[in-house]
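What follows is the content of coords_31.pdb (PDB, C-alpha atoms, pLDDT in the B column).
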ATOM      1  CA  MET A   1      18.001  19.711 -42.950  1.00 79.00           C
ATOM      2  CA  GLY A   2      15.462  20.323 -40.190  1.00 90.00           C
ATOM      3  CA  ILE A   3      14.711  23.845 -41.416  1.00 93.00           C
ATOM      4  CA  ALA A   4      14.110  22.644 -44.991  1.00 93.00           C
ATOM      5  CA  LEU A   5      11.727  19.948 -43.729  1.00 94.00           C
ATOM      6  CA  GLY A   6       9.867  22.521 -41.650  1.00 94.00           C
ATOM      7  CA  ILE A   7       9.513  24.840 -44.623  1.00 95.00           C
ATOM      8  CA  LEU A   8       8.281  21.964 -46.812  1.00 94.00           C
ATOM      9  CA  VAL A   9       5.653  20.980 -44.230  1.00 93.00           C
ATOM     10  CA  ALA A  10       4.527  24.609 -43.911  1.00 94.00           C
ATOM     11  CA  VAL A  11       4.191  24.997 -47.700  1.00 94.00           C
ATOM     12  CA  VAL A  12       2.193  21.754 -48.004  1.00 93.00           C
ATOM     13  CA  MET A  13      -0.151  22.843 -45.190  1.00 94.00           C
ATOM     14  CA  LEU A  14      -0.686  26.280 -46.757  1.00 95.00           C
ATOM     15  CA  LEU A  15      -1.521  24.701 -50.107  1.00 93.00           C
ATOM     16  CA  GLN A  16      -3.952  22.305 -48.435  1.00 94.00           C
ATOM     17  CA  ILE A  17      -5.626  25.178 -46.601  1.00 95.00           C
ATOM     18  CA  GLY A  18      -5.953  27.102 -49.875  1.00 93.00           C
ATOM     19  CA  ILE A  19      -7.495  24.130 -51.677  1.00 93.00           C
ATOM     20  CA  THR A  20      -9.852  23.495 -48.752  1.00 94.00           C
ATOM     21  CA  VAL A  21     -11.048  27.117 -48.824  1.00 93.00           C
ATOM     22  CA  ARG A  22     -11.548  26.981 -52.595  1.00 91.00           C
ATOM     23  CA  LEU A  23     -13.497  23.728 -52.201  1.00 91.00           C
ATOM     24  CA  TRP A  24     -15.882  25.199 -49.609  1.00 91.00           C
ATOM     25  CA  ARG A  25     -16.452  28.324 -51.740  1.00 89.00           C
ATOM     26  CA  SER A  26     -17.415  26.194 -54.738  1.00 85.00           C
ATOM     27  CA  ASP A  27     -21.158  25.924 -55.398  1.00 82.00           C
ATOM     28  CA  LEU A  28     -20.858  22.864 -57.615  1.00 80.00           C
ATOM     29  CA  TYR A  29     -20.656  20.232 -54.863  1.00 86.00           C
ATOM     30  CA  THR A  30     -23.087  19.250 -52.117  1.00 90.00           C
ATOM     31  CA  ARG A  31     -22.145  19.541 -48.459  1.00 92.00           C
ATOM     32  CA  GLU A  32     -21.565  15.781 -48.186  1.00 94.00           C
ATOM     33  CA  GLN A  33     -19.270  15.811 -51.223  1.00 92.00           C
ATOM     34  CA  LYS A  34     -17.318  18.720 -49.762  1.00 93.00           C
ATOM     35  CA  ILE A  35     -16.873  16.864 -46.468  1.00 94.00           C
ATOM     36  CA  ALA A  36     -15.629  13.737 -48.282  1.00 94.00           C
ATOM     37  CA  GLN A  37     -13.229  15.742 -50.439  1.00 94.00           C
ATOM     38  CA  CYS A  38     -11.984  17.685 -47.430  1.00 94.00           C
ATOM     39  CA  ALA A  39     -11.245  14.392 -45.675  1.00 94.00           C
ATOM     40  CA  MET A  40      -9.333  13.250 -48.753  1.00 94.00           C
ATOM     41  CA  ILE A  41      -7.263  16.456 -48.730  1.00 94.00           C
ATOM     42  CA  TRP A  42      -6.238  16.068 -45.108  1.00 93.00           C
ATOM     43  CA  LEU A  43      -5.966  12.255 -44.855  1.00 94.00           C
ATOM     44  CA  LEU A  44      -3.944  11.914 -48.082  1.00 93.00           C
ATOM     45  CA  PRO A  45      -2.040  15.189 -47.881  1.00 86.00           C
ATOM     46  CA  VAL A  46      -0.351  15.537 -51.262  1.00 89.00           C
ATOM     47  CA  VAL A  47      -2.312  13.071 -53.414  1.00 93.00           C
ATOM     48  CA  GLY A  48      -5.733  14.101 -52.050  1.00 93.00           C
ATOM     49  CA  ALA A  49      -4.999  17.783 -52.536  1.00 91.00           C
ATOM     50  CA  ILE A  50      -3.900  17.195 -56.141  1.00 91.00           C
ATOM     51  CA  VAL A  51      -7.028  15.163 -56.939  1.00 91.00           C
ATOM     52  CA  VAL A  52      -9.408  17.743 -55.431  1.00 91.00           C
ATOM     53  CA  TYR A  53      -7.546  20.649 -57.035  1.00 90.00           C
ATOM     54  CA  THR A  54      -7.760  18.968 -60.432  1.00 89.00           C
ATOM     55  CA  GLY A  55     -11.521  18.543 -60.033  1.00 86.00           C
ATOM     56  CA  LEU A  56     -11.956  22.146 -58.916  1.00 85.00           C
ATOM     57  CA  ARG A  57      -9.875  23.408 -61.821  1.00 81.00           C
ATOM     58  CA  HIS A  58     -12.097  21.611 -64.306  1.00 72.00           C
ATOM     59  CA  THR A  59     -15.251  23.097 -62.752  1.00 64.00           C
ATOM     60  CA  ASP A  60     -14.211  26.467 -64.192  1.00 59.00           C
ATOM     61  CA  ASP A  61     -15.032  25.012 -67.628  1.00 60.00           C
ATOM     62  CA  VAL A  62     -18.622  24.135 -66.658  1.00 60.00           C
ATOM     63  CA  PRO A  63     -21.058  26.631 -68.210  1.00 60.00           C
ATOM     64  CA  ARG A  64     -23.460  28.313 -65.803  1.00 58.00           C
ATOM     65  CA  ARG A  65     -26.700  30.087 -66.516  1.00 55.00           C
ATOM     66  CA  LYS A  66     -26.553  33.849 -66.711  1.00 56.00           C
ATOM     67  CA  PRO A  67     -29.559  35.585 -65.078  1.00 52.00           C
ATOM     68  CA  ASN A  68     -31.540  38.112 -67.102  1.00 52.00           C
ATOM     69  CA  LEU A  69     -32.591  41.541 -65.840  1.00 53.00           C
ATOM     70  CA  GLU A  70     -35.692  40.177 -64.047  1.00 57.00           C
ATOM     71  CA  GLY A  71     -33.542  37.776 -62.043  1.00 53.00           C
ATOM     72  CA  GLU A  72     -34.794  34.689 -63.870  1.00 53.00           C
ATOM     73  CA  HIS A  73     -32.490  32.305 -65.656  1.00 51.00           C
ATOM     74  CA  GLN A  74     -32.594  32.084 -69.424  1.00 51.00           C
ATOM     75  CA  SER A  75     -31.600  28.775 -70.943  1.00 51.00           C
ATOM     76  CA  LEU A  76     -30.233  30.470 -74.077  1.00 48.00           C
ATOM     77  CA  TRP A  77     -27.545  32.543 -72.340  1.00 49.00           C
ATOM     78  CA  TRP A  78     -24.597  30.630 -70.954  1.00 50.00           C
ATOM     79  CA  THR A  79     -21.445  31.984 -69.417  1.00 52.00           C
ATOM     80  CA  ASN A  80     -18.489  30.752 -67.385  1.00 53.00           C
ATOM     81  CA  GLU A  81     -18.789  33.734 -65.062  1.00 55.00           C
ATOM     82  CA  ASP A  82     -20.306  33.399 -61.608  1.00 52.00           C
ATOM     83  CA  PRO A  83     -23.876  34.708 -61.403  1.00 51.00           C
TER      84      PRO A  83
END
Show me, as structure tokens, the structure contained in the file I just sent.
Amino acid sequence: MGIALGILVAVVMLLQIGITVRLWRSDLYTREQKIAQCAMIWLLPVVGAIVVYTGLRHTDDVPRRKPNLEGEHQSLWWTNEDP
């Protein structure tokens, strides 16, 4: 029983670390928002991680501007790819 609990704790911590890294790599949130969400991940381990992950997953659907050859953004070209 003790080994299973240890494995469960390790898996939860690894998932939280992964979500925290993905959060800090995201360019959609401000620094203050990232700090608040990071606190939610670690103070509410399972629930906070699920909430932040759900928000990060939906940010993939947000269209971003695609730069043209001169490096300027064109408002007519939208893509879900990172610039």
TODO: Can you work out the spacing between atom CA of A:Tyr53 and atom CA of A:Thr20 in Å, to one decimal?
DONE: 9.1 Å
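Between atom CA of A:Gln37 and atom CA of A:Val51 lies a distance of 9.0 Å.
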Task: Selection near A:Ile17, 12 Å with all atoms listed in the file, sequence-local residues under 2 positions removed, as a PyMOL selection string - done: chain A and resi 10-15+19-24+38+41-42+45-46+49+53
Could you write out that same residue set with C-alpha atoms as a short mmCIF file (atom, residue, chain, number, x, y, z; two decimals), keeping the file's coordinate frame?
data_model
loop_
_atom_site.label_atom_id
_atom_site.label_comp_id
_atom_site.auth_asym_id
_atom_site.auth_seq_id
_atom_site.Cartn_x
_atom_site.Cartn_y
_atom_site.Cartn_z
CA ALA A 10 4.53 24.61 -43.91
CA VAL A 11 4.19 25.00 -47.70
CA VAL A 12 2.19 21.75 -48.00
CA MET A 13 -0.15 22.84 -45.19
CA LEU A 14 -0.69 26.28 -46.76
CA LEU A 15 -1.52 24.70 -50.11
CA ILE A 19 -7.50 24.13 -51.68
CA THR A 20 -9.85 23.50 -48.75
CA VAL A 21 -11.05 27.12 -48.82
CA ARG A 22 -11.55 26.98 -52.60
CA LEU A 23 -13.50 23.73 -52.20
CA TRP A 24 -15.88 25.20 -49.61
CA CYS A 38 -11.98 17.68 -47.43
CA ILE A 41 -7.26 16.46 -48.73
CA TRP A 42 -6.24 16.07 -45.11
CA PRO A 45 -2.04 15.19 -47.88
CA VAL A 46 -0.35 15.54 -51.26
CA ALA A 49 -5.00 17.78 -52.54
CA TYR A 53 -7.55 20.65 -57.04
#
- [ ] Determine the nearest neighbour of A:Gln33 from the options A:Val52, A:His58, A:Gly18, A:Ile3, counting all atoms listed in the file.
- [x]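 Answer, going by the shortest atom-to-atom distance: A:Val52.
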- [ ] Could you please determine the separation between atom CA of A:Ala4 and atom CA of A:Arg57 in Å, to one decimal place?
- [x] 29.3 Å
Open item on the list: Measuring between only C-alpha atoms, which one of A:Met1, A:Ile35, A:Gln16, A:Ser26 shows the shortest distance to A:Gly48?
Closed with: A:Gln16
